[in-house]
file entry-v3.tsv (TSV, N, CA and C atoms)
chain	number	residue	atom	x	y	z
A	26	MET	N	0.84	-1.18	0.00
A	26	MET	CA	0.00	0.00	0.00
A	26	MET	C	0.89	1.24	0.00
A	27	THR	N	0.44	2.28	-0.70
A	27	THR	CA	1.19	3.52	-0.81
A	27	THR	C	1.03	4.34	0.45
A	28	LYS	N	2.13	4.87	0.97
A	28	LYS	CA	2.10	5.72	2.16
A	28	LYS	C	2.06	7.17	1.69
A	29	LEU	N	0.90	7.81	1.81
A	29	LEU	CA	0.74	9.20	1.41
A	29	LEU	C	0.90	10.11	2.61
A	30	LYS	N	1.26	11.36	2.37
A	30	LYS	CA	1.43	12.31	3.46
A	30	LYS	C	0.11	12.72	4.07
A	31	LEU	N	-0.99	12.64	3.30
A	31	LEU	CA	-2.30	13.01	3.83
A	31	LEU	C	-3.06	11.77	4.24
A	32	GLY	N	-3.79	11.88	5.32
A	32	GLY	CA	-4.66	10.81	5.77
A	32	GLY	C	-6.10	11.22	5.56
A	33	PRO	N	-7.01	10.62	6.30
A	33	PRO	CA	-8.42	10.98	6.18
A	33	PRO	C	-8.62	12.48	6.44
A	34	LEU	N	-9.54	13.08	5.71
A	34	LEU	CA	-9.79	14.51	5.83
A	34	LEU	C	-10.84	14.78	6.89
A	35	GLU	N	-10.58	15.78	7.73
A	35	GLU	CA	-11.54	16.16	8.75
A	35	GLU	C	-12.62	17.04	8.13
A	36	ASP	N	-13.82	16.93	8.67
A	36	ASP	CA	-14.91	17.78	8.23
A	36	ASP	C	-14.86	19.03	9.07
A	37	ASP	N	-14.59	20.18	8.45
A	37	ASP	CA	-14.45	21.43	9.16
A	37	ASP	C	-15.20	22.51	8.40
A	38	LYS	N	-15.61	23.57	9.10
A	38	LYS	CA	-16.33	24.66	8.45
A	38	LYS	C	-15.35	25.42	7.56
A	39	PRO	N	-15.58	25.40	6.25
A	39	PRO	CA	-14.63	26.02	5.32
A	39	PRO	C	-14.82	27.52	5.16
A	40	VAL	N	-13.78	28.16	4.67
A	40	VAL	CA	-13.82	29.54	4.23
A	40	VAL	C	-13.65	29.47	2.72
A	41	LYS	N	-14.57	30.08	1.99
A	41	LYS	CA	-14.54	29.98	0.53
A	41	LYS	C	-13.40	30.82	-0.04
A	42	LEU	N	-12.66	30.20	-0.95
A	42	LEU	CA	-11.52	30.84	-1.59
A	42	LEU	C	-11.44	30.33	-3.02
A	43	THR	N	-11.24	31.22	-3.95
A	43	THR	CA	-11.11	30.82	-5.35
A	43	THR	C	-9.64	30.79	-5.72
A	44	VAL	N	-9.20	29.67	-6.28
A	44	VAL	CA	-7.80	29.50	-6.64
A	44	VAL	C	-7.70	28.99	-8.07
A	45	GLU	N	-6.78	29.54	-8.84
A	45	GLU	CA	-6.52	29.04	-10.18
A	45	GLU	C	-5.24	28.22	-10.13
A	46	LEU	N	-5.30	27.00	-10.68
A	46	LEU	CA	-4.15	26.11	-10.70
A	46	LEU	C	-3.73	25.84	-12.13
A	47	PRO	N	-2.44	25.65	-12.35
A	47	PRO	CA	-2.01	25.19	-13.68
A	47	PRO	C	-2.63	23.82	-13.95
A	48	ALA	N	-2.90	23.54	-15.21
A	48	ALA	CA	-3.55	22.28	-15.60
A	48	ALA	C	-2.76	21.07	-15.09
A	49	ALA	N	-1.44	21.13	-15.16
A	49	ALA	CA	-0.62	20.00	-14.72
A	49	ALA	C	-0.78	19.76	-13.22
A	50	VAL	N	-0.88	20.82	-12.45
A	50	VAL	CA	-1.06	20.68	-11.01
A	50	VAL	C	-2.43	20.07	-10.72
A	51	PHE	N	-3.46	20.49	-11.45
A	51	PHE	CA	-4.79	19.93	-11.25
A	51	PHE	C	-4.83	18.45	-11.61
A	52	ARG	N	-4.15	18.08	-12.69
A	52	ARG	CA	-4.09	16.65	-13.05
A	52	ARG	C	-3.43	15.85	-11.94
A	53	ASP	N	-2.35	16.37	-11.39
A	53	ASP	CA	-1.67	15.68	-10.28
A	53	ASP	C	-2.58	15.61	-9.05
A	54	LEU	N	-3.33	16.67	-8.80
A	54	LEU	CA	-4.25	16.68	-7.67
A	54	LEU	C	-5.33	15.62	-7.84
A	55	LYS	N	-5.85	15.49	-9.07
A	55	LYS	CA	-6.85	14.45	-9.35
A	55	LYS	C	-6.25	13.07	-9.14
A	56	SER	N	-5.02	12.87	-9.60
A	56	SER	CA	-4.35	11.58	-9.41
A	56	SER	C	-4.16	11.28	-7.93
A	57	TYR	N	-3.76	12.28	-7.17
A	57	TYR	CA	-3.56	12.11	-5.74
A	57	TYR	C	-4.87	11.69	-5.08
A	58	ALA	N	-5.96	12.35	-5.45
A	58	ALA	CA	-7.27	12.03	-4.88
A	58	ALA	C	-7.67	10.60	-5.20
A	59	GLU	N	-7.41	10.16	-6.43
A	59	GLU	CA	-7.74	8.79	-6.82
A	59	GLU	C	-6.92	7.78	-6.02
A	60	ILE	N	-5.63	8.04	-5.87
A	60	ILE	CA	-4.76	7.14	-5.11
A	60	ILE	C	-5.17	7.12	-3.64
A	61	LEU	N	-5.50	8.28	-3.08
A	61	LEU	CA	-5.94	8.37	-1.69
A	61	LEU	C	-7.21	7.54	-1.49
A	62	SER	N	-8.13	7.62	-2.42
A	62	SER	CA	-9.37	6.85	-2.32
A	62	SER	C	-9.10	5.36	-2.39
A	63	ARG	N	-8.21	4.95	-3.30
A	63	ARG	CA	-7.89	3.52	-3.45
A	63	ARG	C	-7.09	2.98	-2.28
A	64	SER	N	-6.36	3.84	-1.58
A	64	SER	CA	-5.50	3.36	-0.50
A	64	SER	C	-6.28	2.98	0.75
A	65	GLY	N	-7.58	3.26	0.76
A	65	GLY	CA	-8.40	2.89	1.90
A	65	GLY	C	-8.46	3.98	2.96
A	66	SER	N	-7.79	5.10	2.75
A	66	SER	CA	-7.82	6.19	3.72
A	66	SER	C	-9.15	6.95	3.68
A	67	ALA	N	-9.87	6.82	2.57
A	67	ALA	CA	-11.14	7.52	2.44
A	67	ALA	C	-12.24	6.50	2.16
A	68	THR	N	-13.40	6.75	2.74
A	68	THR	CA	-14.52	5.82	2.54
A	68	THR	C	-15.28	6.14	1.26
A	69	THR	N	-15.21	7.38	0.80
A	69	THR	CA	-15.84	7.78	-0.45
A	69	THR	C	-14.78	8.45	-1.32
A	70	PRO	N	-15.00	8.51	-2.63
A	70	PRO	CA	-14.03	9.19	-3.49
A	70	PRO	C	-13.82	10.63	-3.02
A	71	THR	N	-12.58	11.04	-3.01
A	71	THR	CA	-12.23	12.38	-2.54
A	71	THR	C	-12.24	13.36	-3.71
A	72	GLU	N	-12.89	14.49	-3.50
A	72	GLU	CA	-12.87	15.56	-4.50
A	72	GLU	C	-11.48	16.21	-4.46
A	73	PRO	N	-10.86	16.41	-5.61
A	73	PRO	CA	-9.53	17.02	-5.63
A	73	PRO	C	-9.45	18.35	-4.87
A	74	ALA	N	-10.48	19.17	-4.97
A	74	ALA	CA	-10.47	20.48	-4.29
A	74	ALA	C	-10.37	20.33	-2.78
A	75	LYS	N	-10.87	19.23	-2.23
A	75	LYS	CA	-10.82	19.02	-0.78
A	75	LYS	C	-9.41	18.70	-0.29
A	76	LEU	N	-8.50	18.41	-1.19
A	76	LEU	CA	-7.12	18.09	-0.81
A	76	LEU	C	-6.27	19.35	-0.63
A	77	ILE	N	-6.68	20.45	-1.23
A	77	ILE	CA	-5.83	21.64	-1.25
A	77	ILE	C	-5.54	22.15	0.16
A	78	ALA	N	-6.57	22.33	0.99
A	78	ALA	CA	-6.35	22.86	2.34
A	78	ALA	C	-5.47	21.94	3.18
A	79	PRO	N	-5.74	20.61	3.23
A	79	PRO	CA	-4.85	19.76	4.03
A	79	PRO	C	-3.42	19.74	3.51
A	80	MET	N	-3.25	19.84	2.20
A	80	MET	CA	-1.89	19.87	1.64
A	80	MET	C	-1.16	21.14	2.06
A	81	ILE	N	-1.84	22.27	1.98
A	81	ILE	CA	-1.22	23.53	2.40
A	81	ILE	C	-0.94	23.51	3.90
A	82	GLU	N	-1.89	22.98	4.67
A	82	GLU	CA	-1.70	22.87	6.12
A	82	GLU	C	-0.48	22.01	6.45
A	83	ARG	N	-0.36	20.88	5.78
A	83	ARG	CA	0.78	19.98	5.99
A	83	ARG	C	2.09	20.65	5.59
A	84	PHE	N	2.06	21.35	4.46
A	84	PHE	CA	3.25	22.07	3.99
A	84	PHE	C	3.71	23.08	5.03
A	85	MET	N	2.78	23.89	5.54
A	85	MET	CA	3.16	24.92	6.52
A	85	MET	C	3.60	24.29	7.84
A	86	ALA	N	2.98	23.18	8.23
A	86	ALA	CA	3.33	22.52	9.49
A	86	ALA	C	4.74	21.93	9.44
A	87	THR	N	5.22	21.61	8.26
A	87	THR	CA	6.55	21.00	8.14
A	87	THR	C	7.62	21.96	7.63
A	88	ASP	N	7.26	23.23	7.46
A	88	ASP	CA	8.21	24.24	6.98
A	88	ASP	C	8.89	24.86	8.20
A	89	ARG	N	10.12	24.47	8.47
A	89	ARG	CA	10.83	24.93	9.66
A	89	ARG	C	11.08	26.43	9.65
A	90	ALA	N	11.38	26.98	8.49
A	90	ALA	CA	11.64	28.42	8.41
A	90	ALA	C	10.36	29.20	8.73
A	91	PHE	N	9.21	28.70	8.28
A	91	PHE	CA	7.94	29.34	8.59
A	91	PHE	C	7.66	29.28	10.10
A	92	ALA	N	7.88	28.12	10.71
A	92	ALA	CA	7.64	27.97	12.15
A	92	ALA	C	8.53	28.93	12.94
A	93	LYS	N	9.78	29.03	12.55
A	93	LYS	CA	10.71	29.93	13.25
A	93	LYS	C	10.28	31.39	13.09
A	94	ALA	N	9.93	31.77	11.85
A	94	ALA	CA	9.51	33.15	11.61
A	94	ALA	C	8.23	33.47	12.37
A	95	ARG	N	7.34	32.49	12.45
A	95	ARG	CA	6.08	32.69	13.18
A	95	ARG	C	6.34	32.88	14.67
A	96	ARG	N	7.25	32.06	15.22
A	96	ARG	CA	7.61	32.22	16.64
A	96	ARG	C	8.23	33.59	16.88
A	97	ASN	N	9.14	33.99	16.00
A	97	ASN	CA	9.80	35.28	16.16
A	97	ASN	C	8.80	36.42	16.06
A	98	ALA	N	7.85	36.31	15.16
A	98	ALA	CA	6.83	37.36	15.02
A	98	ALA	C	5.95	37.42	16.25
A	99	ALA	N	5.60	36.28	16.82
A	99	ALA	CA	4.76	36.25	18.02
A	99	ALA	C	5.51	36.85	19.21
A	100	GLN	N	6.81	36.64	19.28
A	100	GLN	CA	7.61	37.17	20.39
A	100	GLN	C	7.79	38.68	20.29
A	101	SER	N	7.75	39.22	19.07
A	101	SER	CA	7.99	40.65	18.90
A	101	SER	C	6.71	41.48	18.94
A	102	VAL	N	5.56	40.84	19.14
A	102	VAL	CA	4.30	41.57	19.20
A	102	VAL	C	4.22	42.31	20.54
A	103	PRO	N	4.02	43.63	20.53
A	103	PRO	CA	3.90	44.38	21.78
A	103	PRO	C	2.73	43.87	22.62
A	104	GLY	N	2.95	43.73	23.90
A	104	GLY	CA	1.89	43.29	24.80
A	104	GLY	C	1.72	41.80	24.90
A	105	SER	N	2.55	41.04	24.20
A	105	SER	CA	2.44	39.59	24.33
A	105	SER	C	2.94	39.16	25.69
A	106	ALA	N	2.55	38.00	26.14
A	106	ALA	CA	2.89	37.51	27.47
A	106	ALA	C	4.41	37.46	27.68
A	107	GLU	N	5.16	37.11	26.63
A	107	GLU	CA	6.60	36.97	26.78
A	107	GLU	C	7.30	38.32	26.84
A	108	ASN	N	6.71	39.36	26.29
A	108	ASN	CA	7.34	40.67	26.26
A	108	ASN	C	6.83	41.59	27.36
A	109	SER	N	5.91	41.13	28.17
A	109	SER	CA	5.33	42.01	29.18
A	109	SER	C	6.02	41.85	30.53
A	110	GLY	N	7.33	42.03	30.53
A	110	GLY	CA	8.11	41.77	31.73
A	110	GLY	C	8.27	42.91	32.57

call {"tool": "encode", "arguments": {"input": "entry-v3.tsv", "output": "structure tokens"}}
result
Amino acid sequence: MTKLKLGPLEDDKPVKLTVELPAAVFRDLKSYAEILSRSGSATTPTEPAKLIAPMIERFMATDRAFAKARRNAAQSVPGSAENSG
């Protein structure tokens, strides 16, 4: 069985966003959705558009430079708990 980075998708209240993708990226997204459905991680066929948010979430969660910059930004916010000494 193929080990994909995404697992079952959580049902969450979405925020509507319109995104344009290159055709090649959309084809890959459709392929990913098909493989995810066949791998048993999903009980029903997954719509390719439903993969975008979890993929972006996973990307940001594993981007070390983003995590560091986010921590640094939170520490430099005036009035934050760490700066209110």

call {"tool": "atom_distance", "arguments": {"input": "entry-v3.tsv", "atom1": "atom C of Pro79 (chain A)", "atom2": "atom C of Lys93 (chain A)"}}
result
20.4 Å

call {"tool": "closest_residue", "arguments": {"input": "entry-v3.tsv", "among": "A:Lys28, A:Arg89, A:Val40, A:Pro73", "to": "Ser56 (chain A)", "atoms": "only N, CA and C atoms"}}
result
A:Pro73

call {"tool": "atom_distance", "arguments": {"input": "entry-v3.tsv", "atom1": "atom C of Leu29 (chain A)", "atom2": "atom C of Arg95 (chain A)"}}
result
26.3 Å

call {"tool": "closest_residue", "arguments": {"input": "entry-v3.tsv", "among": "A:Ala98, A:Leu42, A:Ala49, A:Leu54", "to": "Leu76 (chain A)", "atoms": "only N, CA and C atoms"}}
result
A:Leu54

call {"tool": "atom_distance", "arguments": {"input": "entry-v3.tsv", "atom1": "CA of Ile60 (chain A)", "atom2": "CA of Glu35 (chain A)"}}
result
17.9 Å

call {"tool": "axis_aligned_box", "arguments": {"input": "entry-v3.tsv", "around": "region 45-60 of chain A", "padding_each_side": "6 Å", "output": "lines of an AutoDock Vina configuration file"}}
result
center_x = -4.2
center_y = 18.3
center_z = -9.6
size_x = 19.1
size_y = 34.4
size_z = 24.0

call {"tool": "select_by_dssp", "arguments": {"input": "entry-v3.tsv", "residues": "region 33-64 of chain A", "states": "helix (DSSP H, G or I)", "output": "PyMOL selection string"}}
result
chain A and resi 48-63

call {"tool": "residues_around", "arguments": {"input": "entry-v3.tsv", "residues": "Lys41 (chain A)", "least_positions_apart": "3", "cutoff": "12 Å", "atoms": "only C-alpha atoms", "output": "list in words"}}
result
Lys38, Val44, Ala74, Lys75 and Ala78 of chain A
